[in-house]
file final.txt (compact mmCIF, C-alpha atoms)
# COMPACT_ATOMS: atom_id res chain seq x y z
CA MET A 1 -45.11 57.28 30.65
CA MET A 2 -42.80 54.33 30.30
CA VAL A 3 -39.04 54.91 30.11
CA MET A 4 -36.65 52.29 28.75
CA ARG A 5 -32.91 52.26 28.19
CA ARG A 6 -31.85 50.81 24.87
CA ARG A 7 -28.50 50.39 23.11
CA GLU A 8 -27.76 50.79 19.43
CA GLY A 9 -29.20 47.85 17.50
CA GLU A 10 -31.80 46.97 20.12
CA LYS A 11 -35.55 47.00 19.61
CA ILE A 12 -38.76 47.83 21.42
CA LEU A 13 -42.02 46.05 20.72
CA ILE A 14 -45.38 47.79 21.13
CA GLY A 15 -48.24 45.31 20.99
CA ASN A 16 -47.97 42.68 18.28
CA ASP A 17 -47.66 44.97 15.28
CA ILE A 18 -45.21 47.74 16.10
CA THR A 19 -41.43 47.41 16.30
CA ILE A 20 -39.09 50.28 17.03
CA HIS A 21 -35.48 49.61 16.10
CA ILE A 22 -32.71 51.85 17.47
CA GLU A 23 -30.52 51.77 14.36
CA ARG A 24 -27.82 54.25 15.19
CA ILE A 25 -26.99 56.62 18.03
CA GLY A 26 -24.93 59.65 17.09
CA ARG A 27 -23.63 62.54 19.19
CA ASN A 28 -26.95 64.34 19.32
CA LYS A 29 -29.17 62.36 16.98
CA VAL A 30 -30.65 58.91 16.97
CA LYS A 31 -31.75 57.00 13.87
CA ILE A 32 -34.87 54.96 14.49
CA ALA A 33 -36.61 52.50 12.19
CA ILE A 34 -40.30 51.93 12.86
CA ASP A 35 -42.24 48.97 11.58
CA ALA A 36 -45.97 49.56 12.01
CA PRO A 37 -49.27 48.90 10.22
CA ARG A 38 -49.71 51.13 7.20
CA GLU A 39 -52.89 52.73 8.53
CA LEU A 40 -51.01 54.27 11.47
CA SER A 41 -49.80 57.80 10.87
CA ILE A 42 -46.16 58.27 11.91
CA ILE A 43 -44.69 61.75 11.72
CA ALA A 44 -42.04 63.72 13.60
CA GLU A 45 -43.73 65.78 16.33
CA GLU A 46 -42.56 69.09 14.87
CA MET A 47 -44.24 68.24 11.56
CA LYS A 48 -47.58 68.15 13.37
CA ARG A 49 -46.90 71.68 14.62
CA VAL A 50 -45.92 72.80 11.11
CA ARG A 51 -49.10 71.31 9.64
CA GLU A 52 -51.24 73.04 12.26
CA GLU A 53 -49.50 76.38 11.70
CA ASN A 54 -49.95 76.07 7.93
CA LEU A 55 -53.66 75.40 8.37
CA ALA A 56 -53.89 78.45 10.65
CA ALA A 57 -51.88 80.62 8.22
CA ALA A 58 -54.07 79.55 5.29
CA THR A 59 -57.21 80.75 7.06
CA VAL A 60 -55.92 84.06 8.41
CA ASP A 61 -58.27 87.00 8.08
CA VAL A 62 -55.90 89.17 6.05
CA ALA A 63 -57.70 92.42 6.90
CA LEU A 64 -57.49 91.65 10.63
CA LEU A 65 -53.83 90.65 10.32
CA HIS A 66 -53.11 93.86 8.45
CA SER A 67 -54.72 95.95 11.19
CA LYS A 68 -52.81 94.04 13.89
CA ILE A 69 -49.44 94.47 12.22
CA PHE A 70 -49.78 98.00 10.89
CA SER A 71 -51.47 99.55 13.89
CA GLN A 72 -48.37 98.46 15.84
CA SER A 73 -45.77 99.70 13.40
CA SER A 74 -47.33 103.05 12.55
CA MET B 1 -48.44 86.26 -19.66
CA PRO B 2 -49.85 83.51 -17.42
CA PHE B 3 -52.48 84.53 -14.92
CA CYS B 4 -54.45 83.02 -12.08
CA GLU B 5 -57.61 83.77 -10.16
CA THR B 6 -57.24 84.63 -6.50
CA ALA B 7 -59.74 85.19 -3.71
CA HIS B 8 -57.86 88.17 -2.23
CA PHE B 9 -56.37 89.95 -5.23
CA GLY B 10 -58.75 89.11 -8.07
CA ARG B 11 -57.10 87.98 -11.29
CA ILE B 12 -53.35 88.43 -11.22
CA GLU B 13 -50.81 88.10 -14.00
CA TYR B 14 -47.37 86.80 -13.24
CA ASP B 15 -44.08 86.20 -14.93
CA ALA B 16 -43.68 82.45 -15.57
CA VAL B 17 -40.06 82.49 -14.39
CA SER B 18 -41.08 83.93 -11.03
CA ARG B 19 -43.43 81.04 -10.27
CA LEU B 20 -42.26 78.98 -7.30
CA SER B 21 -42.11 75.18 -7.54
CA PHE B 22 -42.68 73.23 -4.34
CA SER B 23 -41.77 69.69 -5.40
CA GLU B 24 -43.08 68.28 -2.10
CA GLY B 25 -45.90 70.77 -1.54
CA LEU B 26 -46.31 72.14 1.99
CA PRO B 27 -47.24 70.11 5.10
CA ALA B 28 -51.05 69.86 5.13
CA PHE B 29 -51.06 71.07 1.49
CA GLU B 30 -48.97 68.37 -0.14
CA SER B 31 -50.71 68.59 -3.51
CA GLU B 32 -50.13 72.35 -3.86
CA ARG B 33 -46.94 72.65 -5.89
CA ARG B 34 -47.10 76.02 -7.63
CA PHE B 35 -47.24 79.42 -5.98
CA VAL B 36 -46.45 83.04 -6.76
CA LEU B 37 -45.41 85.79 -4.38
CA VAL B 38 -47.73 88.76 -4.30
CA GLN B 39 -46.39 92.02 -2.89
CA ARG B 40 -48.46 95.14 -2.39
CA PRO B 41 -46.79 98.44 -1.51
CA GLU B 42 -49.40 99.32 1.11
CA GLN B 43 -48.68 96.09 2.96
CA HIS B 44 -44.89 96.15 2.76
CA PRO B 45 -42.97 94.25 4.14
CA MET B 46 -45.72 91.60 4.17
CA VAL B 47 -45.85 89.28 1.16
CA PHE B 48 -48.43 86.69 0.16
CA LEU B 49 -47.70 83.18 -1.00
CA GLN B 50 -50.57 82.62 -3.40
CA SER B 51 -51.42 79.24 -4.96
CA VAL B 52 -51.80 79.54 -8.73
CA VAL B 53 -54.16 76.53 -8.69
CA THR B 54 -56.43 77.21 -5.70
CA PRO B 55 -57.77 80.79 -5.65
CA GLY B 56 -58.58 80.72 -1.92
CA LEU B 57 -55.18 79.42 -0.79
CA CYS B 58 -52.99 82.33 0.23
CA PHE B 59 -50.45 82.44 3.05
CA PRO B 60 -49.40 85.78 4.54
CA ALA B 61 -45.66 85.88 5.19
CA LEU B 62 -42.81 88.13 6.30
CA PRO B 63 -39.14 87.92 5.38
CA VAL B 64 -37.45 86.10 8.27
CA HIS B 65 -34.98 88.93 8.85
CA VAL B 66 -37.92 91.26 9.59
CA VAL B 67 -39.04 88.87 12.32
CA GLU B 68 -35.59 87.88 13.57
CA PRO B 69 -32.70 90.05 12.32
CA SER B 70 -30.10 87.58 13.61
CA TYR B 71 -31.69 84.60 11.84
CA THR B 72 -29.16 82.28 10.24
CA PRO B 73 -30.30 79.40 8.03
CA PHE B 74 -29.51 75.81 8.86
CA LEU B 75 -31.06 73.43 6.35
CA SER B 76 -30.97 69.65 6.55
CA ASP B 77 -29.09 67.64 3.94
CA HIS B 78 -32.45 66.56 2.52
CA ASP B 79 -33.63 70.15 2.06
CA LEU B 80 -30.28 71.32 0.63
CA LYS B 81 -30.50 68.62 -2.02
CA LEU B 82 -34.20 69.25 -2.67
CA LEU B 83 -33.52 72.93 -3.33
CA GLY B 84 -30.31 72.38 -5.29
CA PHE B 85 -27.88 73.99 -2.83
CA THR B 86 -24.38 72.62 -2.38
CA GLY B 87 -23.89 74.36 0.98
CA GLN B 88 -25.92 76.41 3.44
CA PRO B 89 -27.51 79.25 1.39
CA VAL B 90 -27.21 82.92 2.33
CA ASN B 91 -30.52 84.60 3.06
CA GLY B 92 -31.04 87.42 0.56
CA ALA B 93 -28.14 86.37 -1.70
CA ASP B 94 -28.93 82.96 -3.16
CA ALA B 95 -32.07 82.21 -1.15
CA LEU B 96 -35.18 83.92 0.13
CA PHE B 97 -36.46 82.92 3.58
CA LEU B 98 -40.06 83.71 4.46
CA ALA B 99 -41.92 83.03 7.71
CA LEU B 100 -45.61 82.21 7.38
CA ILE B 101 -47.86 84.30 9.61
CA ALA B 102 -50.85 83.05 11.58
CA LEU B 103 -53.16 84.62 14.15
CA HIS B 104 -53.62 83.02 17.56
CA GLU B 105 -56.11 84.74 19.88
CA ASP B 106 -55.83 87.67 17.43
CA ASP B 107 -52.06 87.93 18.02
CA PRO B 108 -49.91 87.52 14.92
CA THR B 109 -47.20 84.85 15.13
CA ALA B 110 -44.46 83.84 12.71
CA ASN B 111 -43.35 80.29 12.01
CA LEU B 112 -39.56 80.51 12.24
CA LEU B 113 -39.28 76.79 12.95
CA ALA B 114 -40.22 76.00 9.36
CA PRO B 115 -39.61 78.91 6.99
CA ILE B 116 -40.40 78.85 3.29
CA VAL B 117 -37.07 78.71 1.47
CA VAL B 118 -36.76 79.73 -2.19
CA ASN B 119 -33.70 79.10 -4.35
CA LEU B 120 -33.51 82.49 -6.08
CA SER B 121 -31.76 81.16 -9.18
CA THR B 122 -34.06 78.18 -9.88
CA ARG B 123 -37.28 79.18 -8.00
CA ALA B 124 -37.31 75.74 -6.38
CA ALA B 125 -39.03 76.14 -3.01
CA ALA B 126 -39.78 74.13 0.10
CA GLN B 127 -40.90 74.56 3.67
CA CYS B 128 -37.84 73.54 5.65
CA VAL B 129 -37.87 72.62 9.33
CA ASP B 130 -34.80 74.14 10.97
CA SER B 131 -32.59 71.11 11.46
CA GLU B 132 -31.29 72.38 14.80
CA MET B 133 -34.82 73.27 16.01
CA ARG B 134 -33.60 76.66 17.23
CA TYR B 135 -36.78 78.65 16.63
CA SER B 136 -40.43 78.46 17.58
CA HIS B 137 -43.31 77.71 15.21
CA ARG B 138 -45.18 80.54 16.99
CA CYS B 139 -42.86 83.52 17.47
CA SER B 140 -45.00 86.38 18.70
CA LEU B 141 -44.72 89.34 16.33
CA LEU B 142 -46.04 92.13 18.52
CA PRO B 143 -42.95 92.67 20.74
CA ARG B 144 -40.79 92.69 17.62
CA LEU B 145 -43.02 95.17 15.81
CA GLU B 146 -43.12 97.42 18.87
CA ALA B 147 -39.35 97.34 19.14
CA ALA B 148 -39.05 98.26 15.47
CA SER B 149 -41.49 101.18 15.58

call {"tool": "encode", "arguments": {"input": "final.txt", "output": "structure tokens"}}
result
Amino acid sequence: MMVMRRREGEKILIGNDITIHIERIGRNKVKIAIDAPRELSIIAEEMKRVREENLAAATVDVALLHSKIFSQSS
Amino acid sequence: MPFCETAHFGRIEYDAVSRLSFSEGLPAFESERRFVLVQRPEQHPMVFLQSVVTPGLCFPALPVHVVEPSYTPFLSDHDLKLLGFTGQPVNGADALFLALIALHEDDPTANLLAPIVVNLSTRAAAQCVDSEMRYSHRCSLLPRLEAAS
């Protein structure tokens, strides 16, 4: 993994097509602007986890879930 | 009374005002905008978030306070605006918070990182990532259920 130190307003270039701009650095948040080809998917990491959990929740075997939850609480 | 077909519950009728509107859908299900909550006494306190458009799309869920009694909401400015709140809502008073349930290796887990939030006066709903990232997307339910029994 590559680690770089950047100040507010500075940029990072990845290859010829991707620019990461450090727009603003707050107390515990940083605002980043990303310029990249449209076909690249860019999402916050936690959104990937949320998507995966939603896909798992949508395919739950409800009868199995019921037995797991209610055998514990009874 | 409007009704919809469902894979788990057969045909269900629902009150139009109780239908939930997800203006942005849910992550991985962005085109699904309309859901109803199905509750069955024998499965209390579990509830089911059932799509009114797709019969097979049904998410099992638990109220967040069942999973984590000390849960306190912290919505981002984007989500507050999306749901029509002027300040942080109070779970159970002006908002309903539900954690979706999944099974991993047969163990039930609750997604407290991104609960379903419903504005109880408008029925606007969204899946909101906790803006302080305080909770896991896979909180194990079994220790909590054992402690409660």

call {"tool": "residues_around", "arguments": {"input": "final.txt", "residues": "stretch 60-65 of chain B", "least_positions_apart": "4", "cutoff": "8 Å", "atoms": "only C-alpha atoms", "output": "ChimeraX atom specification"}}
result
/A:57-58,60,62 /B:45-49,69-71,96-102,110,112,115

call {"tool": "residues_around", "arguments": {"input": "final.txt", "residues": "B:Leu113", "least_positions_apart": "3", "cutoff": "7 Å", "atoms": "only C-alpha atoms", "output": "PyMOL selection string"}}
result
chain B and resi 129-130+133+135-137

call {"tool": "residues_around", "arguments": {"input": "final.txt", "residues": "A:Thr19", "least_positions_apart": "3", "cutoff": "6 Å", "atoms": "all atoms listed in the file", "output": "count of residues only"}}
result
4

call {"tool": "interface_residues", "arguments": {"input": "final.txt", "of": "chain B", "to": "chain A", "cutoff": "9 Å", "atoms": "all atoms listed in the file", "output": "PDB file with C-alpha atoms, in the frame of the given file"}}
result
ATOM      1  CA  HIS B   8     -57.860  88.170  -2.230  1.00  0.00           C
ATOM      2  CA  LEU B  26     -46.310  72.140   1.990  1.00  0.00           C
ATOM      3  CA  PRO B  27     -47.240  70.110   5.100  1.00  0.00           C
ATOM      4  CA  ALA B  28     -51.050  69.860   5.130  1.00  0.00           C
ATOM      5  CA  PHE B  29     -51.060  71.070   1.490  1.00  0.00           C
ATOM      6  CA  GLN B  43     -48.680  96.090   2.960  1.00  0.00           C
ATOM      7  CA  MET B  46     -45.720  91.600   4.170  1.00  0.00           C
ATOM      8  CA  GLY B  56     -58.580  80.720  -1.920  1.00  0.00           C
ATOM      9  CA  LEU B  57     -55.180  79.420  -0.790  1.00  0.00           C
ATOM     10  CA  CYS B  58     -52.990  82.330   0.230  1.00  0.00           C
ATOM     11  CA  PHE B  59     -50.450  82.440   3.050  1.00  0.00           C
ATOM     12  CA  PRO B  60     -49.400  85.780   4.540  1.00  0.00           C
ATOM     13  CA  ALA B  61     -45.660  85.880   5.190  1.00  0.00           C
ATOM     14  CA  LEU B 100     -45.610  82.210   7.380  1.00  0.00           C
ATOM     15  CA  ILE B 101     -47.860  84.300   9.610  1.00  0.00           C
ATOM     16  CA  ALA B 102     -50.850  83.050  11.580  1.00  0.00           C
ATOM     17  CA  LEU B 103     -53.160  84.620  14.150  1.00  0.00           C
ATOM     18  CA  HIS B 104     -53.620  83.020  17.560  1.00  0.00           C
ATOM     19  CA  ASP B 106     -55.830  87.670  17.430  1.00  0.00           C
ATOM     20  CA  ASP B 107     -52.060  87.930  18.020  1.00  0.00           C
ATOM     21  CA  PRO B 108     -49.910  87.520  14.920  1.00  0.00           C
ATOM     22  CA  ASN B 111     -43.350  80.290  12.010  1.00  0.00           C
ATOM     23  CA  LEU B 113     -39.280  76.790  12.950  1.00  0.00           C
ATOM     24  CA  ALA B 114     -40.220  76.000   9.360  1.00  0.00           C
ATOM     25  CA  VAL B 129     -37.870  72.620   9.330  1.00  0.00           C
ATOM     26  CA  MET B 133     -34.820  73.270  16.010  1.00  0.00           C
ATOM     27  CA  HIS B 137     -43.310  77.710  15.210  1.00  0.00           C
ATOM     28  CA  ARG B 138     -45.180  80.540  16.990  1.00  0.00           C
ATOM     29  CA  LEU B 141     -44.720  89.340  16.330  1.00  0.00           C
ATOM     30  CA  LEU B 142     -46.040  92.130  18.520  1.00  0.00           C
ATOM     31  CA  LEU B 145     -43.020  95.170  15.810  1.00  0.00           C
ATOM     32  CA  GLU B 146     -43.120  97.420  18.870  1.00  0.00           C
ATOM     33  CA  ALA B 147     -39.350  97.340  19.140  1.00  0.00           C
ATOM     34  CA  ALA B 148     -39.050  98.260  15.470  1.00  0.00           C
ATOM     35  CA  SER B 149     -41.490 101.180  15.580  1.00  0.00           C
TER      36      SER B 149
END

call {"tool": "atom_distance", "arguments": {"input": "final.txt", "atom1": "atom CA of B:Pro143", "atom2": "atom CA of B:Glu68"}}
result
11.3 Å

call {"tool": "residues_around", "arguments": {"input": "final.txt", "residues": "B:His78", "least_positions_apart": "5", "cutoff": "12 Å", "atoms": "all atoms listed in the file", "output": "PyMOL selection string"}}
result
chain B and resi 24+83-88+126-131

call {"tool": "atom_distance", "arguments": {"input": "final.txt", "atom1": "atom CA of B:Ser51", "atom2": "atom CA of B:Arg134"}}
result
28.6 Å

call {"tool": "residues_around", "arguments": {"input": "final.txt", "residues": "B:Glu5", "least_positions_apart": "4", "cutoff": "10 Å", "atoms": "all atoms listed in the file", "output": "list of chain:residue names"}}
result
B:Phe9, B:Gly10, B:Arg11, B:Ile12, B:Glu13, B:Gln50, B:Ser51, B:Val52, B:Val53, B:Thr54, B:Pro55, B:Gly56
